[in-house]
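Structure below is data05.cif: mmCIF, C-alpha atoms and all ligand atoms.
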data_input
loop_
_atom_site.label_atom_id
_atom_site.label_comp_id
_atom_site.auth_asym_id
_atom_site.auth_seq_id
_atom_site.Cartn_x
_atom_site.Cartn_y
_atom_site.Cartn_z
CA MET Q 135 29.78 16.23 -14.12
CA LYS Q 136 28.34 19.62 -13.15
CA ARG Q 137 26.27 19.83 -9.98
CA ASP Q 138 26.33 23.49 -8.91
CA ARG Q 139 22.62 24.08 -9.47
CA SER Q 140 21.68 20.80 -7.78
CA ASP Q 141 23.73 21.77 -4.71
CA GLN Q 142 22.35 25.33 -4.64
CA LEU Q 143 18.79 24.03 -4.84
CA PHE Q 144 19.49 21.51 -2.11
CA LYS Q 145 20.77 24.30 0.18
CA ARG Q 146 17.58 26.27 -0.48
CA ALA Q 147 15.51 23.14 0.08
CA LEU Q 148 17.21 22.51 3.43
CA LYS Q 149 15.68 25.78 4.68
CA ALA Q 150 12.26 25.38 3.10
CA VAL Q 151 11.72 21.61 3.41
CA PRO Q 152 12.68 19.51 6.46
CA GLY Q 153 15.77 17.53 5.46
CA GLY Q 154 15.79 19.14 2.00
CA ILE Q 155 14.52 16.02 0.28
CA TYR Q 156 12.73 13.32 2.26
CA GLY Q 157 11.99 9.62 2.02
CA HIS Q 158 13.94 7.05 0.08
CA VAL Q 159 15.45 9.64 -2.29
CA ALA Q 160 16.89 11.73 0.57
CA PRO Q 161 20.65 11.99 0.00
CA ALA Q 162 21.39 11.03 3.60
CA ALA Q 163 19.00 8.10 3.77
CA GLY Q 164 19.40 6.27 0.56
CA LEU Q 165 20.82 8.00 -2.43
CA PRO Q 166 24.60 8.57 -2.47
CA ARG Q 167 25.92 12.01 -3.31
CA HIS Q 168 27.07 11.26 -6.83
CA PHE Q 169 23.44 11.36 -7.99
CA PRO Q 170 21.85 14.71 -8.83
CA HIS Q 171 19.40 16.00 -6.24
CA PHE Q 172 16.90 17.48 -8.71
CA CYS Q 173 15.65 16.56 -12.19
CA ASP Q 174 14.58 19.03 -14.84
CA ARG Q 175 12.95 16.97 -17.61
CA ALA Q 176 12.75 13.43 -18.96
CA GLN Q 177 12.09 11.71 -22.24
CA GLY Q 178 12.01 8.00 -23.15
CA CYS Q 179 14.61 6.23 -20.99
CA GLY Q 180 16.62 9.32 -20.09
CA PHE Q 181 16.39 12.44 -18.01
CA THR Q 182 18.21 15.76 -17.69
CA ASP Q 183 19.13 17.05 -14.25
CA VAL Q 184 18.96 20.69 -13.20
CA ASP Q 185 22.64 21.20 -14.17
CA GLY Q 186 21.90 20.02 -17.73
CA ASN Q 187 23.60 16.61 -17.30
CA GLU Q 188 21.98 13.87 -19.38
CA TRP Q 189 21.35 10.51 -17.70
CA LEU Q 190 20.47 7.12 -19.09
CA ASP Q 191 18.00 5.97 -16.48
CA PHE Q 192 17.50 2.49 -15.03
CA MET Q 193 15.10 3.49 -12.24
CA CYS Q 194 12.13 4.67 -14.34
CA GLY Q 195 10.87 7.03 -11.64
CA PHE Q 196 11.30 4.22 -9.08
CA GLY Q 197 9.07 2.05 -11.23
CA SER Q 198 6.37 4.58 -12.05
CA ILE Q 199 7.35 4.75 -15.72
CA LEU Q 200 6.73 1.64 -17.82
CA HIS Q 201 6.31 3.00 -21.36
CA GLY Q 202 9.02 5.66 -21.18
CA TYR Q 203 8.93 9.20 -19.85
CA ASN Q 204 6.63 11.60 -21.68
CA HIS Q 205 5.10 8.92 -23.89
CA PRO Q 206 3.43 10.70 -26.85
CA GLU Q 207 0.20 8.64 -26.95
CA ILE Q 208 -0.31 8.92 -23.19
CA GLU Q 209 0.44 12.64 -23.17
CA GLU Q 210 -1.92 13.22 -26.11
CA ALA Q 211 -4.76 11.40 -24.37
CA VAL Q 212 -4.10 13.35 -21.16
CA ALA Q 213 -4.00 16.66 -23.08
CA ARG Q 214 -7.42 15.87 -24.64
CA GLN Q 215 -8.87 15.16 -21.19
CA ARG Q 216 -7.19 18.29 -19.76
CA GLU Q 217 -9.29 20.42 -22.12
CA LYS Q 218 -12.34 19.10 -20.27
CA GLY Q 219 -10.84 19.19 -16.76
CA SER Q 220 -9.20 16.96 -14.19
CA VAL Q 221 -11.03 16.92 -10.83
CA PHE Q 222 -14.76 17.58 -10.63
CA ASN Q 223 -17.42 17.16 -7.95
CA GLN Q 224 -18.24 13.75 -9.37
CA PRO Q 225 -16.04 11.17 -11.11
CA ALA Q 226 -15.74 11.43 -14.90
CA GLU Q 227 -16.84 8.69 -17.32
CA ILE Q 228 -13.21 7.55 -17.52
CA MET Q 229 -13.45 6.01 -14.01
CA VAL Q 230 -15.93 3.42 -15.29
CA ASP Q 231 -13.89 2.79 -18.44
CA LEU Q 232 -10.76 2.25 -16.36
CA ALA Q 233 -12.46 -0.05 -13.85
CA GLU Q 234 -13.86 -2.14 -16.71
CA ALA Q 235 -10.46 -2.27 -18.40
CA LEU Q 236 -8.86 -3.62 -15.21
CA LEU Q 237 -11.58 -6.22 -14.75
CA GLU Q 238 -11.09 -7.40 -18.33
CA ARG Q 239 -7.39 -7.93 -17.72
CA ILE Q 240 -7.35 -9.29 -14.14
CA GLU Q 241 -9.28 -12.54 -14.30
CA PHE Q 242 -10.17 -12.92 -10.59
CA ALA Q 243 -11.32 -9.31 -10.16
CA ASP Q 244 -15.03 -8.40 -9.96
CA TRP Q 245 -14.65 -4.78 -8.85
CA ALA Q 246 -12.05 -2.00 -8.72
CA VAL Q 247 -11.54 1.19 -6.70
CA PHE Q 248 -9.02 4.00 -7.18
CA ALA Q 249 -6.84 6.27 -5.07
CA LYS Q 250 -3.56 8.11 -5.53
CA ASN Q 251 -0.81 6.11 -3.77
CA GLY Q 252 0.02 2.51 -3.07
CA SER Q 253 -0.15 3.17 0.68
CA ASP Q 254 -3.72 4.51 0.40
CA LEU Q 255 -4.92 1.14 -0.79
CA THR Q 256 -2.64 -1.38 0.97
CA THR Q 257 -3.92 0.12 4.21
CA TRP Q 258 -7.50 0.18 2.95
CA ALA Q 259 -7.24 -3.43 1.71
CA ILE Q 260 -6.26 -4.77 5.11
CA ARG Q 261 -9.20 -2.88 6.61
CA VAL Q 262 -11.49 -4.53 4.05
CA ALA Q 263 -10.05 -7.88 5.19
CA ARG Q 264 -10.74 -6.99 8.81
CA GLU Q 265 -14.27 -5.82 7.97
CA SER Q 266 -14.93 -8.99 6.00
CA THR Q 267 -13.60 -11.47 8.58
CA LYS Q 268 -14.27 -9.44 11.75
CA ARG Q 269 -10.76 -10.49 12.81
CA PRO Q 270 -7.94 -8.21 14.00
CA LEU Q 271 -4.60 -9.67 12.89
CA ILE Q 272 -2.59 -9.06 9.72
CA VAL Q 273 0.41 -11.16 8.65
CA LYS Q 274 3.25 -9.77 6.54
CA ALA Q 275 6.77 -10.82 5.57
CA LYS Q 276 9.68 -9.42 7.61
CA GLY Q 277 11.39 -6.56 5.80
CA ALA Q 278 8.59 -6.14 3.25
CA TYR Q 279 7.57 -2.58 2.40
CA HIS Q 280 3.84 -1.89 2.05
CA GLY Q 281 3.78 1.90 2.45
CA VAL Q 282 4.08 4.85 4.80
CA ASP Q 283 1.35 4.06 7.30
CA ALA Q 284 2.16 3.25 10.90
CA TRP Q 285 1.24 -0.45 10.66
CA CYS Q 286 3.98 -1.05 8.11
CA ASP Q 287 6.43 1.83 7.55
CA PRO Q 288 10.15 1.14 8.02
CA GLY Q 289 10.77 4.20 10.21
CA LEU Q 290 10.34 4.51 13.96
CA GLY Q 291 9.14 8.10 14.28
CA GLY Q 292 5.67 8.91 15.54
CA ARG Q 293 4.79 5.32 16.25
CA ILE Q 294 3.16 3.78 19.31
CA PRO Q 295 3.39 0.05 20.17
CA GLU Q 296 -0.32 -0.41 19.40
CA ASP Q 297 0.35 0.46 15.73
CA ARG Q 298 2.11 -2.88 15.32
CA SER Q 299 0.40 -4.97 17.98
CA SER Q 300 -1.96 -6.51 15.40
CA VAL Q 301 0.72 -7.19 12.80
CA LEU Q 302 2.56 -10.54 12.80
CA GLU Q 303 5.61 -11.30 10.70
CA PHE Q 304 7.30 -14.36 9.22
CA GLU Q 305 10.40 -14.83 7.06
CA TRP Q 306 9.66 -14.81 3.33
CA ASN Q 307 9.44 -18.35 1.90
CA ASP Q 308 9.13 -19.95 5.38
CA LEU Q 309 5.81 -21.76 5.01
CA GLU Q 310 6.25 -23.59 8.31
CA ALA Q 311 6.55 -20.29 10.16
CA LEU Q 312 3.42 -19.01 8.43
CA SER Q 313 1.55 -22.20 9.26
CA SER Q 314 2.57 -21.91 12.88
CA LEU Q 315 1.31 -18.31 13.03
CA PHE Q 316 -2.06 -19.59 11.81
CA SER Q 317 -2.10 -22.39 14.42
CA ARG Q 318 -1.17 -20.07 17.26
CA ASN Q 319 -3.77 -17.47 16.23
CA GLU Q 320 -6.66 -19.65 15.10
CA GLY Q 321 -9.65 -17.59 13.95
CA ARG Q 322 -7.86 -14.26 14.50
CA ILE Q 323 -5.97 -13.64 11.24
CA ALA Q 324 -7.84 -11.37 8.83
CA ALA Q 325 -5.30 -11.38 6.01
CA VAL Q 326 -1.85 -12.24 4.79
CA ILE Q 327 -0.42 -9.38 2.73
CA LEU Q 328 2.60 -10.13 0.54
CA THR Q 329 4.44 -8.75 -2.46
CA PRO Q 330 4.73 -11.11 -5.48
CA TYR Q 331 8.38 -11.75 -4.62
CA HIS Q 332 10.53 -10.40 -1.79
CA HIS Q 333 12.21 -7.14 -2.81
CA ALA Q 334 13.58 -5.65 0.38
CA ALA Q 335 15.90 -2.64 0.02
CA PHE Q 336 19.60 -3.14 0.81
CA ALA Q 337 19.34 -6.91 0.16
CA PRO Q 338 19.22 -9.25 -2.84
CA SER Q 339 15.71 -10.03 -4.01
CA GLU Q 340 14.22 -13.43 -3.20
CA LEU Q 341 11.87 -15.21 -5.59
CA PRO Q 342 9.11 -17.46 -4.21
CA ALA Q 343 10.45 -20.96 -3.56
CA PRO Q 344 8.65 -23.74 -5.49
CA GLY Q 345 5.32 -24.37 -3.77
CA PHE Q 346 5.46 -21.18 -1.67
CA TRP Q 347 2.52 -19.41 -3.26
CA LYS Q 348 0.43 -22.59 -3.38
CA GLY Q 349 1.18 -23.07 0.32
CA VAL Q 350 0.19 -19.49 1.18
CA GLU Q 351 -3.02 -19.81 -0.83
CA ASP Q 352 -3.92 -23.11 0.88
CA LEU Q 353 -3.27 -21.75 4.37
CA CYS Q 354 -5.36 -18.63 3.72
CA ARG Q 355 -8.28 -20.62 2.29
CA ARG Q 356 -8.13 -23.26 5.04
CA HIS Q 357 -8.17 -20.64 7.79
CA GLY Q 358 -10.69 -18.28 6.15
CA SER Q 359 -8.19 -15.40 5.83
CA LEU Q 360 -7.83 -13.12 2.82
CA LEU Q 361 -4.77 -13.25 0.60
CA VAL Q 362 -3.91 -9.63 -0.24
CA LEU Q 363 -1.37 -9.12 -3.00
CA ASP Q 364 0.64 -5.92 -2.76
CA ASP Q 365 1.40 -5.56 -6.46
CA VAL Q 366 2.23 -1.86 -6.13
CA ARG Q 367 5.82 -2.23 -7.31
CA CYS Q 368 5.56 -5.12 -9.79
CA GLY Q 369 2.03 -4.74 -11.18
CA GLY Q 370 1.99 -4.34 -14.97
CA ARG Q 371 5.75 -4.93 -15.24
CA LEU Q 372 5.73 -8.70 -14.80
CA SER Q 373 2.39 -9.44 -16.45
CA GLU Q 374 -0.37 -7.36 -18.04
CA GLY Q 375 -2.91 -9.27 -15.93
CA GLY Q 376 -1.13 -8.76 -12.57
CA SER Q 377 1.93 -10.42 -11.05
CA HIS Q 378 -0.09 -13.34 -9.57
CA ARG Q 379 -0.26 -14.60 -13.18
CA TYR Q 380 3.52 -14.46 -13.49
CA PHE Q 381 3.93 -16.57 -10.33
CA GLY Q 382 0.77 -18.70 -10.76
CA PHE Q 383 -1.60 -18.09 -7.83
CA VAL Q 384 -4.88 -16.27 -7.15
CA PRO Q 385 -5.23 -13.54 -4.51
CA ASP Q 386 -8.47 -12.18 -3.03
CA LEU Q 387 -7.53 -8.51 -3.27
CA SER Q 388 -4.72 -6.94 -5.27
CA VAL Q 389 -3.28 -3.43 -5.06
CA TYR Q 390 -1.53 -1.63 -7.94
CA SER Q 391 0.09 1.76 -8.33
CA LYS Q 392 3.54 2.66 -9.68
CA ALA Q 393 3.41 1.62 -13.37
CA LEU Q 394 -0.37 1.94 -13.60
CA GLY Q 395 -0.43 5.62 -14.63
CA ASN Q 396 2.99 5.84 -16.32
CA GLY Q 397 3.97 8.74 -14.07
CA TYR Q 398 0.49 10.06 -13.23
CA ALA Q 399 -0.47 9.49 -9.60
CA ILE Q 400 -3.02 6.70 -9.37
CA SER Q 401 -3.50 3.45 -7.49
CA ALA Q 402 -6.13 0.74 -7.75
CA CYS Q 403 -7.38 -2.12 -5.62
CA VAL Q 404 -9.29 -4.95 -7.26
CA GLY Q 405 -11.14 -7.74 -5.51
CA ARG Q 406 -13.39 -10.73 -5.72
CA GLU Q 407 -17.18 -10.57 -5.52
CA ASP Q 408 -17.16 -11.96 -1.95
CA PHE Q 409 -15.49 -8.77 -0.76
CA ARG Q 410 -17.66 -6.21 -2.57
CA LYS Q 411 -19.90 -5.66 0.47
CA PRO Q 412 -17.06 -5.19 3.01
CA SER Q 413 -15.29 -2.94 0.49
CA MET Q 414 -18.35 -0.67 0.60
CA ASP Q 415 -18.27 -0.58 4.39
CA VAL Q 416 -14.70 0.75 4.70
CA PHE Q 417 -14.74 4.48 4.01
CA LEU Q 418 -12.74 5.45 0.95
CA THR Q 419 -12.15 8.92 -0.40
CA GLY Q 420 -9.47 11.56 -1.06
CA SER Q 421 -9.34 15.19 -2.19
CA CYS Q 422 -8.10 14.60 -5.74
CA TRP Q 423 -8.69 10.87 -6.11
CA ASN Q 424 -11.21 11.23 -8.94
CA ASP Q 425 -8.49 12.67 -11.12
CA ALA Q 426 -9.57 12.19 -14.72
CA LEU Q 427 -6.05 12.96 -16.03
CA ALA Q 428 -4.41 10.15 -14.07
CA MET Q 429 -7.26 7.81 -15.00
CA THR Q 430 -6.84 8.69 -18.67
CA ALA Q 431 -3.09 8.03 -18.43
CA ALA Q 432 -3.77 4.68 -16.77
CA LEU Q 433 -6.31 3.59 -19.39
CA LYS Q 434 -3.97 4.50 -22.26
CA SER Q 435 -1.09 2.79 -20.45
CA LEU Q 436 -3.08 -0.44 -20.10
CA GLU Q 437 -3.97 -0.27 -23.80
CA LEU Q 438 -0.30 0.16 -24.76
CA SER Q 439 0.73 -2.70 -22.47
CA GLY Q 440 -1.68 -5.13 -24.10
CA ARG Q 441 -0.95 -3.97 -27.63
CA GLY Q 442 2.82 -4.33 -27.31
CA LYS Q 443 3.01 -7.32 -24.92
CA VAL Q 444 5.06 -4.87 -22.92
CA ALA Q 445 5.76 -6.97 -19.82
CA ASP Q 446 7.37 -9.72 -21.91
CA ALA Q 447 9.29 -7.19 -23.97
CA VAL Q 448 10.61 -5.44 -20.86
CA LEU Q 449 11.61 -8.75 -19.30
CA GLU Q 450 13.59 -9.59 -22.41
CA LYS Q 451 15.35 -6.20 -22.27
CA GLY Q 452 16.14 -6.87 -18.60
CA ASN Q 453 17.56 -10.28 -19.47
CA ARG Q 454 19.92 -8.68 -21.97
CA LEU Q 455 21.05 -6.07 -19.46
CA CYS Q 456 21.52 -8.51 -16.55
CA THR Q 457 23.38 -11.08 -18.65
CA GLY Q 458 25.61 -8.33 -20.08
CA LEU Q 459 26.43 -6.91 -16.64
CA GLU Q 460 27.14 -10.31 -15.07
CA GLN Q 461 29.42 -11.18 -18.00
CA ALA Q 462 31.20 -7.83 -17.76
CA ALA Q 463 31.81 -8.52 -14.09
CA SER Q 464 33.13 -12.03 -14.54
CA GLN Q 465 35.46 -10.93 -17.36
CA ALA Q 466 36.95 -8.43 -14.92
CA GLY Q 467 37.26 -11.07 -12.19
CA GLN Q 468 34.31 -9.71 -10.20
CA SER Q 469 31.22 -11.52 -9.06
CA LEU Q 470 28.04 -9.50 -9.64
CA ARG Q 471 24.67 -11.12 -9.09
CA MET Q 472 21.47 -9.63 -10.51
CA THR Q 473 18.57 -11.03 -8.43
CA GLY Q 474 14.79 -10.85 -8.86
CA PRO Q 475 12.97 -10.74 -12.21
CA ALA Q 476 15.30 -9.31 -14.87
CA SER Q 477 12.99 -6.35 -15.57
CA MET Q 478 13.36 -5.25 -11.91
CA PRO Q 479 16.82 -6.54 -10.99
CA TYR Q 480 18.65 -5.95 -7.72
CA PRO Q 481 22.45 -5.84 -8.09
CA SER Q 482 24.93 -7.13 -5.51
CA PHE Q 483 28.56 -8.22 -5.40
CA GLU Q 484 29.73 -11.27 -3.48
CA ASP Q 485 31.51 -10.46 -0.20
CA ASP Q 486 30.13 -6.94 -0.10
CA GLU Q 487 28.26 -6.71 3.18
CA SER Q 488 29.26 -3.07 3.64
CA LEU Q 489 27.82 -2.35 0.13
CA PHE Q 490 30.98 -0.32 -0.66
CA LYS Q 491 31.67 -2.30 -3.82
CA ILE Q 492 28.21 -1.84 -5.31
CA GLN Q 493 28.28 1.84 -4.33
CA LYS Q 494 31.60 2.25 -6.06
CA PHE Q 495 30.38 0.46 -9.20
CA CYS Q 496 27.29 2.68 -9.37
CA ARG Q 497 29.41 5.80 -8.76
CA LEU Q 498 31.78 4.93 -11.61
CA CYS Q 499 28.81 4.35 -13.93
CA ALA Q 500 27.22 7.61 -12.75
CA GLU Q 501 30.36 9.47 -13.85
CA GLU Q 502 29.43 8.34 -17.37
CA GLY Q 503 25.77 9.31 -17.01
CA ILE Q 504 24.30 5.90 -16.19
CA TYR Q 505 21.77 5.94 -13.36
CA PHE Q 506 22.15 2.61 -11.52
CA HIS Q 507 20.98 2.53 -7.90
CA PRO Q 508 23.23 0.72 -5.39
CA HIS Q 509 20.63 -0.39 -2.83
CA HIS Q 510 17.23 -0.57 -4.49
CA ASN Q 511 15.99 -2.77 -7.29
CA TRP Q 512 16.27 -1.14 -10.70
CA PHE Q 513 13.44 -0.87 -13.23
CA LEU Q 514 13.57 -1.51 -16.97
CA GLY Q 515 10.95 0.08 -19.19
CA ASN Q 516 9.76 -0.26 -22.76
CA ALA Q 517 11.70 2.83 -23.85
CA HIS Q 518 14.99 1.02 -23.24
CA ASP Q 519 16.30 -0.17 -26.58
CA ASP Q 520 19.34 -2.10 -27.79
CA GLU Q 521 21.37 1.08 -28.00
CA SER Q 522 20.70 2.15 -24.41
CA ILE Q 523 21.30 -1.35 -23.05
CA ASN Q 524 24.53 -1.76 -25.03
CA ARG Q 525 25.71 1.63 -23.85
CA ALA Q 526 25.02 0.73 -20.22
CA ILE Q 527 26.88 -2.57 -20.59
CA GLY Q 528 29.83 -0.77 -22.24
CA VAL Q 529 30.06 1.70 -19.35
CA ALA Q 530 29.75 -1.16 -16.84
CA GLU Q 531 32.63 -3.03 -18.52
CA LYS Q 532 34.90 -0.02 -18.09
CA ALA Q 533 33.78 0.44 -14.48
CA MET Q 534 34.46 -3.23 -13.66
CA ASP Q 535 37.93 -2.98 -15.21
CA ARG Q 536 38.68 0.13 -13.17
CA MET Q 537 37.53 -1.60 -9.98
CA SER Q 538 39.74 -4.62 -10.69
CA ASP Q 539 42.74 -2.42 -11.57
CA GLU Q 540 42.38 -0.47 -8.34
CA VAL Q 541 42.18 -3.66 -6.26
CA SER Q 542 45.28 -5.16 -7.90
C1 LIG B 1 5.56 -3.01 -2.62
C2 LIG B 1 5.11 -1.63 -2.29
N1 LIG B 1 3.97 -1.46 -1.61
C3 LIG B 1 3.52 -0.24 -1.29
C4 LIG B 1 4.22 0.88 -1.65
C5 LIG B 1 3.70 2.23 -1.27
O1 LIG B 1 3.30 2.92 -2.39
P1 LIG B 1 3.23 4.52 -2.39
O2 LIG B 1 4.65 4.99 -2.24
O3 LIG B 1 2.65 4.87 -3.71
O4 LIG B 1 2.37 4.91 -1.25
C6 LIG B 1 5.41 0.75 -2.38
C7 LIG B 1 6.18 1.93 -2.78
O5 LIG B 1 7.32 1.86 -3.15
C8 LIG B 1 5.88 -0.54 -2.70
O6 LIG B 1 7.01 -0.72 -3.39
#

So, in terms of structure tokens, how does the structure I just supplied come out?
Amino acid sequence: MKRDRSDQLFKRALKAVPGGIYGHVAPAAGLPRHFPHFCDRAQGCGFTDVDGNEWLDFMCGFGSILHGYNHPEIEEAVARQREKGSVFNQPAEIMVDLAEALLERIEFADWAVFAKNGSDLTTWAIRVARESTKRPLIVKAKGAYHGVDAWCDPGLGGRIPEDRSSVLEFEWNDLEALSSLFSRNEGRIAAVILTPYHHAAFAPSELPAPGFWKGVEDLCRRHGSLLVLDDVRCGGRLSEGGSHRYFGFVPDLSVYSKALGNGYAISACVGREDFRKPSMDVFLTGSCWNDALAMTAALKSLELSGRGKVADAVLEKGNRLCTGLEQAASQAGQSLRMTGPASMPYPSFEDDESLFKIQKFCRLCAEEGIYFHPHHNWFLGNAHDDESINRAIGVAEKAMDRMSDEVS
């Protein structure tokens, strides 16, 4: 696989951009070298890197693409809006249309606001909880990612102890630990913020244990704290009406981003009537937040999701892929486990604490143009079809055989 242009660009980037590429797609931090550093274009469930290599993609822009890259109906709607403009002094009519569309789909929601990134609104949502309860403390699950702000980011740089002094943590699924946090901090917890299931990087995903969500809901209601759902990663992929529907509970505030705009930068927070007033008292704005193009993409995306029952369809595609990969592994004498919902599966081998095995598997598949990530959950989208899933399984079978041959 060619990578001259990718490497040249990375060298240039190292001079012009600190670290060349930052965040979770930095080669040093998360993404092994066998992946290209730069993409050129994308269509459906595939993309072309800057060296012209074609990839069959199972990351969907780290979840931001639900209906396939460059979806014609979304792009057409955006092009129509582009003729009128994108960012104005005031919001465009589309903001009201989009807010109403979300409220129609998310049964507990009475209002919606918009920003650009998940982090913008997870941080804002906990401030709404603090404003509403006049309490300082926030509870989150250990290892959960809620964004880049100092109260929750996984890095250490630029932080002071005070950034975390009002954030308490408990182990996912440990209701007793959560209950004890409430008892020890009676009247001081503003909110519990959780993802719909636990999808930490570098570790298998954990689904909610039976009764977990009911227990969290009860504790929040009993102690007068808000239940904030961080649905940034899963929203729209597990259920058209929000992931609380998929797992059967009701939050007070819910934050969406990733799949909402099918690749256009937009996030939303929705909430119950009780929190409308505090939501108006926590300042909310951003330079390009009233972006009519992203709002148009989001509205069209929601329409497509409802029309095609996309979340169910994508789950079914994920089931086919996960079953196929697990079978390919067991036929080759390997033990691969795909954890989490099948449309966002996290892959891991047994006895692979170093992660070398999963890295090797993903590298062998990458040699054949399949983009599987070794330490982050994957994302299926509606552009994946039987052909792409069968091709991925075929490549995985060969990779598993090669791994077994090398071991023996
Ligand atoms: C669960 C979750 N919350 C929050 C965020 C932050 O979103 P953003 O990167 O758009 O700020 C992410 C991003 O990956 C996420 O997965």

Taking all atoms listed in the file into account, produce a table as a Markdown table in which each residue of chain Q with an atom at most 8 Å from an atom of ligand LIG 1 (chain B) appears once, together with its shortest atom pair and the distance in Å to one decimal, ordered by chain and rising number.
| residue | atom | partner | partner_atom | distance |
| --- | --- | --- | --- | --- |
| Q:Phe196 | CA | B:LIG1 | O5 | 7.5 |
| Q:Lys250 | CA | B:LIG1 | O3 | 7.2 |
| Q:Asn251 | CA | B:LIG1 | O3 | 3.7 |
| Q:Gly252 | CA | B:LIG1 | O1 | 3.4 |
| Q:Ser253 | CA | B:LIG1 | O4 | 3.6 |
| Q:Asp254 | CA | B:LIG1 | O4 | 6.3 |
| Q:Thr256 | CA | B:LIG1 | C3 | 6.7 |
| Q:Ala278 | CA | B:LIG1 | C1 | 7.3 |
| Q:Tyr279 | CA | B:LIG1 | C2 | 5.4 |
| Q:His280 | CA | B:LIG1 | N1 | 3.7 |
| Q:Gly281 | CA | B:LIG1 | C5 | 3.7 |
| Q:Val282 | CA | B:LIG1 | O4 | 6.3 |
| Q:Thr329 | CA | B:LIG1 | C1 | 5.9 |
| Q:His333 | CA | B:LIG1 | C1 | 7.8 |
| Q:Asp364 | CA | B:LIG1 | N1 | 5.7 |
| Q:Asp365 | CA | B:LIG1 | C1 | 6.2 |
| Q:Val366 | CA | B:LIG1 | C2 | 4.8 |
| Q:Arg367 | CA | B:LIG1 | O6 | 4.4 |
| Q:Cys368 | CA | B:LIG1 | C1 | 7.5 |
| Q:Ser391 | CA | B:LIG1 | O3 | 6.1 |
| Q:Lys392 | CA | B:LIG1 | O3 | 6.4 |
| Q:Ser401 | CA | B:LIG1 | O3 | 7.4 |

Closest to Q:Ala533 among Q:Leu309, Q:Ala447, Q:Leu498, Q:Leu302, using only C-alpha atoms?
Q:Leu498

Under the rule that only C-alpha atoms are counted, which of Q:Glu540, Q:Asp141, Q:Asp415, Q:Asp425 is the nearest residue to Q:Ala259?
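Of all the options, Q:Asp415 lies closest to Q:Ala259.
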
List the residues sitting within 10 Å of (29.1, 11.1, -13.9) in the file's frame, using only C-alpha atoms, as a VMD selection string.
chain Q and resid 135 to 137 168 to 170 187 to 189 496 to 505

Please produce a file of the residues just selected, as a PDB file, in the coordinates of the input, where the atoms kept are C-alpha atoms.
ATOM      1  CA  MET Q 135      29.780  16.230 -14.120  1.00  0.00           C
ATOM      2  CA  LYS Q 136      28.340  19.620 -13.150  1.00  0.00           C
ATOM      3  CA  ARG Q 137      26.270  19.830  -9.980  1.00  0.00           C
ATOM      4  CA  HIS Q 168      27.070  11.260  -6.830  1.00  0.00           C
ATOM      5  CA  PHE Q 169      23.440  11.360  -7.990  1.00  0.00           C
ATOM      6  CA  PRO Q 170      21.850  14.710  -8.830  1.00  0.00           C
ATOM      7  CA  ASN Q 187      23.600  16.610 -17.300  1.00  0.00           C
ATOM      8  CA  GLU Q 188      21.980  13.870 -19.380  1.00  0.00           C
ATOM      9  CA  TRP Q 189      21.350  10.510 -17.700  1.00  0.00           C
ATOM     10  CA  CYS Q 496      27.290   2.680  -9.370  1.00  0.00           C
ATOM     11  CA  ARG Q 497      29.410   5.800  -8.760  1.00  0.00           C
ATOM     12  CA  LEU Q 498      31.780   4.930 -11.610  1.00  0.00           C
ATOM     13  CA  CYS Q 499      28.810   4.350 -13.930  1.00  0.00           C
ATOM     14  CA  ALA Q 500      27.220   7.610 -12.750  1.00  0.00           C
ATOM     15  CA  GLU Q 501      30.360   9.470 -13.850  1.00  0.00           C
ATOM     16  CA  GLU Q 502      29.430   8.340 -17.370  1.00  0.00           C
ATOM     17  CA  GLY Q 503      25.770   9.310 -17.010  1.00  0.00           C
ATOM     18  CA  ILE Q 504      24.300   5.900 -16.190  1.00  0.00           C
ATOM     19  CA  TYR Q 505      21.770   5.940 -13.360  1.00  0.00           C
TER      20      TYR Q 505
END

I'd like to know which of Q:Val273, Q:Ala426, Q:Pro152, Q:Ala530 is closest to Q:Ser464, using all atoms listed in the file.
Q:Ala530

Find the distance between atom CA of Q:Leu427 and atom CA of Q:Glu227 and write it in Å to one decimal.
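Value for the atom CA of Q:Leu427-atom CA of Q:Glu227 distance: 11.7 Å.
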
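Among the candidates Q:Leu255, Q:Ala335, Q:Cys173, Q:Leu433, the one nearest to Q:Glu209 when counting only C-alpha atoms is Q:Leu433.
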